[in-house]
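Below: the structure, in structure tokens.
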Amino acid sequence: MRVRDEVLSCVAYLYGTFKGDQRPVGTAWFAAHQPSTDPEQPSPVLTVSARHVIEGIARESDDGVIRIAVNDAVASTRRTFDTDANDWAFHPSDTAADVAVFRGPTNLAGTSSLAYEIGGAGLVTRATMAEENIGIGDEVFISGLFVSHVGRLRNEPIVRVGNIASIPAERVTTRLGDADVFLVEMRSLGGLSGSPAFVHEPLRKFNILDHVKFSAFREEPGFALLGMVQGHFEMPPLMLDPERVNMGIAIITPAVKIVEAIEALAGT
């Protein structure tokens with residue numbers, strides 16, 4: 001199924017400085033979510049990524065600065081915004097949830113970026129999976145950083161497509177501990193950590209809300225947010241072959257964990 005071009009506009013690249021060299025190491029994306037406590041308030045634009053990406057840059061980079069890179073709306077160049085690891089909030093109670101939300105407001109003015117509206121019909125939960133008959137084999141796509149072609153002047157994110165492989169009833173062992181996740185048949189590469197993951201649905205349609213937000217609504221074939229890429233499983237190294245092999249199963253942090261982190265941040 002055709003992936004909307006706007007999906008590429010909700011992602012950004014996260015840079016760190018390593019031995020004096022700035023390198024892109026992961027993906028972030030822009031979300032707009034209306035906290036359920038006050039539906040009259042306008043939805044703020046937030047920056048979301050994977051916790052392990054933020055912690056990795058903070059731990060291993062020269063200065064601990066996490067740089068968010070987006071495309072300028074007019075010029076053929078990137079814009080960057082510097083943040084500190086302390087500017088990011090994690091899930092308030094689930095330490096295995098691989099979610100990080102930037103604490104500060106995100107201003108997309110002057111950029112070509114859009115924010116995905118994750119409230120209501122644009123969000124996949126286990127309940128909506130049952131209601132909408134979403135399950136094993138349904139098509140999933142992600143958008144994010146391809147480290148082998150970042151783009152010289154502007155971000156050039158890629159899209160990868162796969163299928164839901166498992167909706168585990170039990171928590172799955174991940175690098176952050178036993179976590180509630182979805183498993184997707186898709187080869188997740190370095191740099192795609194933090195990428196938004198969408199599922200195609202038979203009864204939804206894409207709709208532009210305004211110049212900085214977009215969402216999905218029930219009517220025609222479209223998509224909704226399944227979650228965010230954490231990483232992938234690897235085969236353990238063999239005695240004769242020390243290289244780890246990507247098993248082709250991506251780990252997806254559920255969208256509900258992202259919403260919980262956002263709403264906890266809004267309440268602080």
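The way I read the labels, and the way they are meant: chains A, B, ... in the order of the structure tokens, residue 1 as the first residue of every chain, and ligand 1 as the first ligand shown, with later ones counted on from there.
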
Practice task
List every residue of stretch 10-92 of chain A that DSSP, applied to the backbone of this structure, places in strand (DSSP E), and write the result as an MDAnalysis selection string.
Solution key: chainID A and resid 11:18 21:32 45:49 65:71 78:84 88:90

Take the residues that were just selected and, keeping C-alpha atoms, output them as a tab-separated table (two decimals), in the first residue's frame.
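File written: part_20.tsv
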chain	number	residue	atom	x	y	z
A	11	VAL	CA	10.64	12.39	11.69
A	12	ALA	CA	13.87	14.10	12.68
A	13	TYR	CA	17.44	12.91	13.18
A	14	LEU	CA	19.25	12.82	16.52
A	15	TYR	CA	22.95	13.73	16.43
A	16	GLY	CA	25.71	13.35	18.97
A	17	THR	CA	29.35	14.47	18.91
A	18	PHE	CA	31.85	11.62	19.14
A	21	ASP	CA	32.68	14.39	14.86
A	22	GLN	CA	28.92	15.01	14.76
A	23	ARG	CA	27.10	11.83	13.77
A	24	PRO	CA	23.41	10.91	13.40
A	25	VAL	CA	22.64	7.97	15.65
A	26	GLY	CA	18.87	7.69	15.93
A	27	THR	CA	15.43	8.92	14.97
A	28	ALA	CA	12.99	11.23	16.73
A	29	TRP	CA	9.51	12.25	15.62
A	30	PHE	CA	6.93	14.89	16.31
A	31	ALA	CA	3.65	14.09	18.02
A	32	ALA	CA	0.61	16.16	18.95
A	45	VAL	CA	3.77	19.57	19.57
A	46	LEU	CA	6.16	17.18	21.31
A	47	THR	CA	9.38	15.45	20.29
A	48	VAL	CA	9.53	11.71	20.99
A	49	SER	CA	12.33	9.16	20.67
A	65	VAL	CA	24.29	17.25	23.90
A	66	ILE	CA	21.42	15.68	21.92
A	67	ARG	CA	20.95	17.61	18.68
A	68	ILE	CA	17.61	17.43	16.86
A	69	ALA	CA	18.01	17.97	13.11
A	70	VAL	CA	15.08	18.95	10.87
A	71	ASN	CA	14.76	20.36	7.36
A	78	ARG	CA	19.05	21.37	8.00
A	79	ARG	CA	18.25	23.19	11.22
A	80	THR	CA	19.50	21.82	14.53
A	81	PHE	CA	18.26	22.30	18.09
A	82	ASP	CA	20.48	21.42	21.03
A	83	THR	CA	19.03	19.63	24.06
A	84	ASP	CA	20.48	18.12	27.20
A	88	TRP	CA	14.06	14.46	28.24
A	89	ALA	CA	11.52	12.60	30.37
A	90	PHE	CA	11.04	8.84	30.44

Exercise for the section: Using DSSP on the backbone coordinates, identify all residues within stretch 55-232 of chain A classified as helix (DSSP H, G or I); present the result as a ChimeraX atom specification. Expected result: /A:55-60,85-87,120-122,126-132

Output C-alpha atoms for every residue in the selection just made, as a tab-separated table (two decimals), in the first residue's frame.
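Wrote it out as out_38.tsv, contents follow:
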chain	number	residue	atom	x	y	z
A	55	GLU	CA	20.84	7.67	27.17
A	56	GLY	CA	23.41	6.45	24.65
A	57	ILE	CA	24.23	9.95	23.40
A	58	ALA	CA	24.33	11.29	26.96
A	59	ARG	CA	26.69	8.51	28.05
A	60	GLU	CA	29.01	8.18	25.06
A	85	ALA	CA	19.70	14.63	28.46
A	86	ASN	CA	17.99	16.24	31.45
A	87	ASP	CA	15.57	17.88	28.99
A	120	GLY	CA	-8.47	9.11	19.06
A	121	ALA	CA	-8.59	7.21	15.79
A	122	GLY	CA	-4.91	7.76	15.06
A	126	ARG	CA	-4.99	-3.68	22.21
A	127	ALA	CA	-8.66	-2.70	22.52
A	128	THR	CA	-8.78	-1.06	19.07
A	129	MET	CA	-6.95	-4.05	17.63
A	130	ALA	CA	-9.94	-6.18	18.60
A	131	GLU	CA	-12.46	-3.57	17.45
A	132	GLU	CA	-10.79	-2.97	14.08

Handout entry: Length of the atom CA of A:Val99 to atom CA of A:Val229 vector [Å]
Key =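 Separation of atom CA of A:Val99 and atom CA of A:Val229: 9.7 Å.
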
Practice task
Have a look at A:Gly151, A:Gly144, A:Gly162, A:Pro92 and name the one nearest to A:Met228; count only C-alpha atoms.
Solution key: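 With only C-alpha atoms as the atom set, the closest residue is A:Gly144.
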
Handout entry: Selection near A:Gly177, 10 Å with only C-alpha atoms, sequence-local residues under 5 positions removed, as a PyMOL selection string
Key = chain A and resi 94-98+171-172

Write the residues of the selection above to a file with N, CA and C atoms, as a CSV table (one decimal), in the first residue's frame.
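New file out08.csv:
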chain,number,residue,atom,x,y,z
A,94,ASP,N,7.2,2.5,34.2
A,94,ASP,CA,7.7,1.3,33.5
A,94,ASP,C,9.1,1.5,33.0
A,95,THR,N,10.1,1.1,33.7
A,95,THR,CA,11.5,1.3,33.4
A,95,THR,C,11.9,0.6,32.1
A,96,ALA,N,11.1,-0.4,31.7
A,96,ALA,CA,11.4,-1.2,30.5
A,96,ALA,C,10.8,-0.6,29.3
A,97,ALA,N,10.0,0.5,29.4
A,97,ALA,CA,9.4,1.1,28.3
A,97,ALA,C,10.4,2.1,27.6
A,98,ASP,N,10.7,1.8,26.4
A,98,ASP,CA,11.8,2.5,25.7
A,98,ASP,C,11.2,3.8,25.1
A,171,ARG,N,5.2,-10.3,28.8
A,171,ARG,CA,6.3,-9.3,28.6
A,171,ARG,C,7.5,-10.0,27.9
A,172,VAL,N,8.1,-9.3,27.0
A,172,VAL,CA,9.3,-9.9,26.3
A,172,VAL,C,10.6,-9.3,26.8

Exercise for the section: Tell me, in Å to one decimal, how far atom CA of A:Val147 is from atom CA of A:Gly190. Expected result: 7.0 Å

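What separates atom CA of A:His232 from atom CA of A:Arg187 is a distance of 7.4 Å.
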